[in-house]
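**Q** One file: my_file.cif (mmCIF, C-alpha atoms).
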```cif
data_final
#
loop_
_atom_site.label_atom_id
_atom_site.label_comp_id
_atom_site.auth_asym_id
_atom_site.auth_seq_id
_atom_site.Cartn_x
_atom_site.Cartn_y
_atom_site.Cartn_z
CA ALA A 1 0.00 0.00 0.00
CA GLN A 2 1.13 3.50 -0.73
CA THR A 3 1.65 6.06 2.01
CA VAL A 4 2.12 9.81 1.82
CA THR A 5 3.76 11.73 4.65
CA GLN A 6 3.69 15.46 5.28
CA SER A 7 5.83 16.17 8.31
CA GLN A 8 4.99 19.87 8.68
CA PRO A 9 1.49 20.28 10.17
CA GLU A 10 1.72 24.08 10.06
CA MET A 11 3.92 26.68 8.41
CA SER A 12 3.92 30.42 8.00
CA VAL A 13 5.58 32.76 5.53
CA GLN A 14 5.75 36.49 5.03
CA GLU A 15 3.95 37.91 2.04
CA ALA A 16 6.23 38.04 -1.05
CA GLU A 17 8.64 35.49 0.45
CA THR A 18 9.27 31.91 -0.66
CA VAL A 19 8.20 28.80 1.23
CA THR A 20 8.76 25.08 0.67
CA LEU A 21 6.36 22.38 1.81
CA SER A 22 7.71 18.86 2.23
CA CYS A 23 6.24 15.55 1.20
CA THR A 24 7.61 12.03 1.13
CA TYR A 25 5.89 8.92 -0.12
CA ASP A 26 6.41 5.22 -0.11
CA THR A 27 5.64 2.96 -3.04
CA SER A 28 7.04 0.01 -4.93
CA GLU A 29 5.49 1.24 -8.18
CA SER A 30 7.59 2.71 -10.95
CA ASN A 31 4.83 4.56 -12.80
CA TYR A 32 2.71 6.96 -10.83
CA TYR A 33 1.57 10.55 -10.46
CA LEU A 34 2.05 13.04 -7.67
CA PHE A 35 -0.11 16.05 -6.92
CA TRP A 36 -0.34 19.04 -4.67
CA TYR A 37 -3.87 20.14 -3.81
CA LYS A 38 -4.82 23.38 -2.10
CA GLN A 39 -7.82 23.58 0.22
CA PRO A 40 -8.66 27.19 1.17
CA PRO A 41 -11.13 28.04 3.94
CA SER A 42 -13.94 27.47 1.43
CA ARG A 43 -12.93 23.76 1.64
CA GLN A 44 -12.88 23.38 -2.15
CA MET A 45 -10.10 21.04 -3.33
CA ILE A 46 -8.03 22.79 -5.99
CA LEU A 47 -5.29 21.09 -8.00
CA VAL A 48 -2.13 23.18 -7.79
CA ILE A 49 0.39 21.10 -9.70
CA ARG A 50 1.02 17.54 -10.88
CA GLN A 51 4.11 15.52 -11.70
CA GLU A 52 4.43 12.36 -13.74
CA ALA A 53 7.00 10.01 -12.23
CA TYR A 54 8.47 9.15 -15.63
CA LYS A 55 9.35 12.80 -16.26
CA GLN A 56 12.67 13.95 -14.89
CA GLN A 57 11.88 17.61 -15.36
CA ASN A 58 10.24 19.26 -12.36
CA ALA A 59 6.76 20.63 -12.97
CA THR A 60 6.13 24.38 -12.75
CA GLU A 61 2.89 26.37 -12.69
CA ASN A 62 3.47 30.11 -12.41
CA ARG A 63 4.62 30.76 -8.81
CA PHE A 64 4.39 27.06 -7.89
CA SER A 65 7.13 24.55 -8.61
CA VAL A 66 8.10 21.15 -7.33
CA ASN A 67 11.34 19.41 -6.46
CA PHE A 68 10.77 15.78 -7.42
CA GLN A 69 13.43 13.35 -6.21
CA LYS A 70 12.30 9.92 -7.38
CA ALA A 71 15.07 7.91 -5.76
CA ALA A 72 14.52 9.63 -2.43
CA LYS A 73 10.71 9.47 -2.88
CA SER A 74 10.45 13.14 -2.10
CA PHE A 75 8.08 15.67 -3.66
CA SER A 76 8.29 19.18 -2.20
CA LEU A 77 6.28 22.23 -3.26
CA LYS A 78 7.88 25.65 -3.54
CA ILE A 79 5.67 28.72 -3.52
CA SER A 80 7.43 31.87 -4.67
CA ASP A 81 6.26 35.45 -4.05
CA SER A 82 3.69 34.21 -1.52
CA GLN A 83 0.34 35.97 -1.59
CA LEU A 84 -2.39 36.25 1.03
CA GLY A 85 -4.60 34.09 -1.16
CA ASP A 86 -2.13 31.24 -0.78
CA THR A 87 -3.28 30.79 2.82
CA ALA A 88 -4.75 27.28 2.84
CA MET A 89 -4.23 23.64 3.67
CA TYR A 90 -1.96 21.95 1.18
CA PHE A 91 -2.23 18.23 0.54
CA CYS A 92 0.33 16.07 -1.18
CA ALA A 93 -1.23 13.14 -3.04
CA PHE A 94 -0.19 9.97 -4.89
CA MET A 95 -1.89 8.02 -7.64
CA LYS A 96 -0.68 4.75 -9.12
CA GLU A 97 -0.86 4.61 -12.91
CA GLY A 98 -3.90 2.75 -14.17
CA TYR A 99 -5.53 2.79 -10.77
CA GLN A 100 -7.17 6.08 -10.08
CA LYS A 101 -7.58 5.98 -6.34
CA VAL A 102 -5.68 8.92 -4.83
CA THR A 103 -3.86 8.62 -1.52
CA PHE A 104 -3.56 11.89 0.38
CA GLY A 105 -1.15 13.08 3.05
CA THR A 106 -2.43 14.67 6.24
CA GLY A 107 -1.84 18.19 5.00
CA THR A 108 0.21 21.28 5.85
CA LYS A 109 -1.61 24.38 7.00
CA LEU A 110 0.07 27.41 5.43
CA GLN A 111 -0.49 30.89 6.74
CA VAL A 112 0.73 33.86 4.69
CA ILE A 113 1.40 36.84 6.94
CA PRO A 114 0.96 40.36 5.58
CA ASP B 1 -15.76 25.80 -10.81
CA SER B 2 -14.67 22.19 -11.45
CA GLY B 3 -17.91 21.18 -13.17
CA VAL B 4 -18.67 18.59 -10.49
CA THR B 5 -21.80 19.31 -8.47
CA GLN B 6 -22.79 17.93 -5.09
CA THR B 7 -26.02 18.26 -3.17
CA PRO B 8 -26.86 19.12 -0.53
CA LYS B 9 -24.20 21.53 0.62
CA HIS B 10 -24.94 20.96 4.28
CA LEU B 11 -26.81 18.21 6.05
CA ILE B 12 -27.64 18.01 9.74
CA THR B 13 -29.18 14.85 11.09
CA ALA B 14 -29.38 12.69 14.18
CA THR B 15 -27.64 9.49 15.18
CA GLY B 16 -29.24 6.36 13.78
CA GLN B 17 -30.63 8.13 10.73
CA ARG B 18 -29.94 7.51 7.04
CA VAL B 19 -28.91 10.13 4.47
CA THR B 20 -28.16 10.23 0.76
CA LEU B 21 -25.51 12.43 -0.80
CA ARG B 22 -25.67 13.15 -4.50
CA CYS B 23 -22.95 13.86 -7.04
CA SER B 24 -23.09 14.82 -10.72
CA PRO B 25 -19.76 14.41 -12.53
CA ARG B 26 -18.34 16.67 -15.20
CA SER B 27 -19.82 16.18 -18.62
CA GLY B 28 -18.13 13.20 -20.27
CA ASP B 29 -16.49 11.82 -17.13
CA LEU B 30 -17.29 8.16 -16.54
CA SER B 31 -15.55 7.72 -13.18
CA VAL B 32 -16.85 8.97 -9.87
CA TYR B 33 -14.95 8.79 -6.59
CA TRP B 34 -16.12 9.39 -3.05
CA TYR B 35 -13.84 10.65 -0.28
CA GLN B 36 -14.38 11.40 3.39
CA GLN B 37 -12.55 14.22 5.17
CA SER B 38 -12.93 14.23 8.92
CA LEU B 39 -12.05 17.34 10.91
CA ASP B 40 -8.52 18.58 10.18
CA GLN B 41 -7.55 15.39 8.41
CA GLY B 42 -6.64 14.35 4.91
CA LEU B 43 -9.08 12.81 2.51
CA GLN B 44 -9.82 9.11 2.80
CA PHE B 45 -10.83 7.26 -0.33
CA LEU B 46 -14.14 5.45 0.04
CA ILE B 47 -15.17 4.03 -3.32
CA GLN B 48 -14.92 4.44 -7.09
CA TYR B 49 -17.50 3.78 -9.78
CA TYR B 50 -16.80 3.60 -13.49
CA ASN B 51 -19.68 3.75 -15.94
CA GLY B 52 -22.10 2.25 -13.46
CA GLU B 53 -19.85 -0.46 -12.05
CA GLU B 54 -17.89 -0.50 -8.81
CA ARG B 55 -14.19 -0.39 -9.67
CA ALA B 56 -12.30 0.17 -6.43
CA LYS B 57 -13.10 0.13 -2.77
CA GLY B 58 -11.25 1.85 0.05
CA ASN B 59 -11.99 2.29 3.71
CA ILE B 60 -15.75 2.29 3.32
CA LEU B 61 -17.84 1.10 6.24
CA GLU B 62 -20.50 -1.57 5.74
CA ARG B 63 -23.09 1.00 6.81
CA PHE B 64 -22.16 3.02 3.73
CA SER B 65 -23.04 2.15 0.16
CA ALA B 66 -22.91 3.87 -3.19
CA GLN B 67 -24.15 3.49 -6.70
CA GLN B 68 -23.77 5.15 -10.08
CA PHE B 69 -26.82 5.51 -12.29
CA PRO B 70 -27.14 5.28 -16.10
CA ASP B 71 -26.96 9.08 -16.37
CA LEU B 72 -23.63 8.77 -14.48
CA HIS B 73 -24.66 10.65 -11.38
CA SER B 74 -23.77 8.90 -8.16
CA GLU B 75 -25.27 8.64 -4.71
CA LEU B 76 -23.57 7.80 -1.44
CA ASN B 77 -25.89 6.33 1.17
CA LEU B 78 -24.93 6.52 4.83
CA SER B 79 -27.06 4.62 7.32
CA SER B 80 -27.20 4.04 11.09
CA LEU B 81 -25.28 7.28 11.41
CA GLU B 82 -22.89 7.81 14.31
CA LEU B 83 -21.35 10.98 15.69
CA GLY B 84 -18.03 9.97 14.12
CA ASP B 85 -19.55 10.07 10.65
CA SER B 86 -19.63 13.85 10.83
CA ALA B 87 -17.29 14.95 8.06
CA LEU B 88 -16.96 16.60 4.70
CA TYR B 89 -17.78 14.19 1.89
CA PHE B 90 -16.24 14.92 -1.48
CA CYS B 91 -17.08 13.56 -4.84
CA ALA B 92 -14.58 13.71 -7.70
CA SER B 93 -14.77 12.71 -11.33
CA SER B 94 -12.38 11.93 -14.14
CA TRP B 95 -12.17 10.23 -17.50
CA GLU B 96 -9.84 7.43 -18.49
CA GLY B 97 -6.37 8.49 -19.50
CA LEU B 98 -6.35 11.89 -17.89
CA ASN B 99 -4.94 10.76 -14.53
CA GLU B 100 -6.42 13.75 -12.78
CA GLN B 101 -9.51 14.11 -10.63
CA PHE B 102 -11.82 17.10 -10.40
CA PHE B 103 -13.45 17.67 -7.05
CA GLY B 104 -16.90 18.89 -6.21
CA PRO B 105 -17.51 21.46 -3.45
CA GLY B 106 -18.30 18.76 -0.89
CA THR B 107 -21.23 18.01 1.39
CA ARG B 108 -20.77 18.81 5.06
CA LEU B 109 -22.55 16.22 7.19
CA THR B 110 -23.18 16.91 10.85
CA VAL B 111 -24.54 14.10 13.00
CA LEU B 112 -25.98 15.26 16.33
#
```
Could you render the structure from this file as structure tokens?
**A**
Amino acid sequence: AQTVTQSQPEMSVQEAETVTLSCTYDTSESNYYLFWYKQPPSRQMILVIRQEAYKQQNATENRFSVNFQKAAKSFSLKISDSQLGDTAMYFCAFMKEGYQKVTFGTGTKLQVIP
Amino acid sequence: DSGVTQTPKHLITATGQRVTLRCSPRSGDLSVYWYQQSLDQGLQFLIQYYNGEERAKGNILERFSAQQFPDLHSELNLSSLELGDSALYFCASSWEGLNEQFFGPGTRLTVL
């Protein structure tokens, strides 16, 4: 069974600064997908970024980028130029290829301070 | 707006009761997933349906059941409710090959 671990329950960052959220996972699969989801106070689940395990290049979406280390089974999220609207819970998630159940971590609560 | 709709938004009921949560997937999506999010926790996968058939099962209690209808909407039935069933229930949908799920706004269930 796959597991996803987020070791930082809460973090804070000053507006306009950069913050990195950590995630590690455990799997014996070679083909899989990793995701970061954002859950603001509205509780809506919003996909922030995704990474295919077969791609060596780290995914980037505007101010959001990942550091994917396949051998270390690490998948961290970097948020640059943090904005107040980035305040939310962030969940790291894993999905095995061909099997669409998603396994979520326990989340990191990020507070952006003005 | 993800295109996935869930009703009702909020539901308050008493222990021992039965409720039905409804989900309409995005147009064209054949798969529907149900997740439970208890207070301040991550999402737990409950069950997946694909084109009307159960495809995968997670940590779903025997008191819970689901189905997907010919028009592809899905319902999650929760019976003999307990206080611990209070949670946010999410539905998500996807289509084969995309490897990405789109989440609805959730139904908040409160059991008193």
**Q** Using only C-alpha atoms, can you tell me which of A:Arg50, A:Leu34, A:Pro41, A:Gln111 comes closest to A:Ser82?
**A** A:Gln111
**Q** Kindly assemble as JSON lines a list of the chain A residues that lie within 9 Å of chain B, each paired with its nearest atom pair and their distance in Å to one decimal, using only C-alpha atoms, sorted first by chain and then by ascending residue number.
**A**
```
{"residue": "A:Tyr33", "atom": "CA", "partner": "B:Asn99", "partner_atom": "CA", "distance": 7.7}
{"residue": "A:Phe35", "atom": "CA", "partner": "B:Glu100", "partner_atom": "CA", "distance": 8.9}
{"residue": "A:Ser42", "atom": "CA", "partner": "B:Pro105", "partner_atom": "CA", "distance": 8.5}
{"residue": "A:Arg43", "atom": "CA", "partner": "B:Pro105", "partner_atom": "CA", "distance": 7.2}
{"residue": "A:Gln44", "atom": "CA", "partner": "B:Pro105", "partner_atom": "CA", "distance": 5.2}
{"residue": "A:Met45", "atom": "CA", "partner": "B:Phe103", "partner_atom": "CA", "distance": 6.0}
{"residue": "A:Ile46", "atom": "CA", "partner": "B:Phe103", "partner_atom": "CA", "distance": 7.5}
{"residue": "A:Leu47", "atom": "CA", "partner": "B:Phe102", "partner_atom": "CA", "distance": 8.0}
{"residue": "A:Arg50", "atom": "CA", "partner": "B:Glu100", "partner_atom": "CA", "distance": 8.6}
{"residue": "A:Phe91", "atom": "CA", "partner": "B:Gly42", "partner_atom": "CA", "distance": 7.3}
{"residue": "A:Met95", "atom": "CA", "partner": "B:Asn99", "partner_atom": "CA", "distance": 8.0}
{"residue": "A:Glu97", "atom": "CA", "partner": "B:Asn99", "partner_atom": "CA", "distance": 7.6}
{"residue": "A:Gly98", "atom": "CA", "partner": "B:Asn99", "partner_atom": "CA", "distance": 8.1}
{"residue": "A:Tyr99", "atom": "CA", "partner": "B:Ala56", "partner_atom": "CA", "distance": 8.5}
{"residue": "A:Gln100", "atom": "CA", "partner": "B:Asn99", "partner_atom": "CA", "distance": 6.8}
{"residue": "A:Lys101", "atom": "CA", "partner": "B:Phe45", "partner_atom": "CA", "distance": 7.0}
{"residue": "A:Val102", "atom": "CA", "partner": "B:Phe45", "partner_atom": "CA", "distance": 7.0}
{"residue": "A:Thr103", "atom": "CA", "partner": "B:Phe45", "partner_atom": "CA", "distance": 7.2}
{"residue": "A:Phe104", "atom": "CA", "partner": "B:Leu43", "partner_atom": "CA", "distance": 6.0}
{"residue": "A:Gly105", "atom": "CA", "partner": "B:Gly42", "partner_atom": "CA", "distance": 5.9}
{"residue": "A:Thr106", "atom": "CA", "partner": "B:Gly42", "partner_atom": "CA", "distance": 4.4}
{"residue": "A:Gly107", "atom": "CA", "partner": "B:Gly42", "partner_atom": "CA", "distance": 6.1}
```
**Q** Next, the residues of the selection above should be written as a PDB file, in the frame of the given file with C-alpha atoms.
**A**
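Everything below was put into selection.pdb:
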```
ATOM      1  CA  TYR A  33       1.570  10.550 -10.460  1.00  0.00           C
ATOM      2  CA  PHE A  35      -0.110  16.050  -6.920  1.00  0.00           C
ATOM      3  CA  SER A  42     -13.940  27.470   1.430  1.00  0.00           C
ATOM      4  CA  ARG A  43     -12.930  23.760   1.640  1.00  0.00           C
ATOM      5  CA  GLN A  44     -12.880  23.380  -2.150  1.00  0.00           C
ATOM      6  CA  MET A  45     -10.100  21.040  -3.330  1.00  0.00           C
ATOM      7  CA  ILE A  46      -8.030  22.790  -5.990  1.00  0.00           C
ATOM      8  CA  LEU A  47      -5.290  21.090  -8.000  1.00  0.00           C
ATOM      9  CA  ARG A  50       1.020  17.540 -10.880  1.00  0.00           C
ATOM     10  CA  PHE A  91      -2.230  18.230   0.540  1.00  0.00           C
ATOM     11  CA  MET A  95      -1.890   8.020  -7.640  1.00  0.00           C
ATOM     12  CA  GLU A  97      -0.860   4.610 -12.910  1.00  0.00           C
ATOM     13  CA  GLY A  98      -3.900   2.750 -14.170  1.00  0.00           C
ATOM     14  CA  TYR A  99      -5.530   2.790 -10.770  1.00  0.00           C
ATOM     15  CA  GLN A 100      -7.170   6.080 -10.080  1.00  0.00           C
ATOM     16  CA  LYS A 101      -7.580   5.980  -6.340  1.00  0.00           C
ATOM     17  CA  VAL A 102      -5.680   8.920  -4.830  1.00  0.00           C
ATOM     18  CA  THR A 103      -3.860   8.620  -1.520  1.00  0.00           C
ATOM     19  CA  PHE A 104      -3.560  11.890   0.380  1.00  0.00           C
ATOM     20  CA  GLY A 105      -1.150  13.080   3.050  1.00  0.00           C
ATOM     21  CA  THR A 106      -2.430  14.670   6.240  1.00  0.00           C
ATOM     22  CA  GLY A 107      -1.840  18.190   5.000  1.00  0.00           C
TER      23      GLY A 107
END
```
**Q** What's the separation between atom CA of B:Ile60 and atom CA of B:Leu21, in Å to one decimal place?
**A** 14.7 Å
**Q** On this file, the PyMOL selection byres ((chain B and resi 10-15) around 9) gives some set of residues; write that set as a ChimeraX atom specification.
**A** /B:7-9,16-19,80-83,106-112
**Q** Record the distance separating atom CA of B:Leu30 and atom CA of A:Met89, expressed in Å with one decimal.
**A**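 About the pair atom CA of B:Leu30 and atom CA of A:Met89: they are 28.6 Å apart.
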**Q** Just to confirm, what's the straight-line distance from atom CA of B:Glu54 to atom CA of B:Thr20 in Å (one decimal)?
**A**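 Going from atom CA of B:Glu54 over to atom CA of B:Thr20, I get 17.7 Å.
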**Q** If you apply the PyMOL selection byres ((chain B and resi 5) around 6) to this file, what residues do you get, as a VMD selection string?
**A** chain B and resid 4 6 23 to 24 104
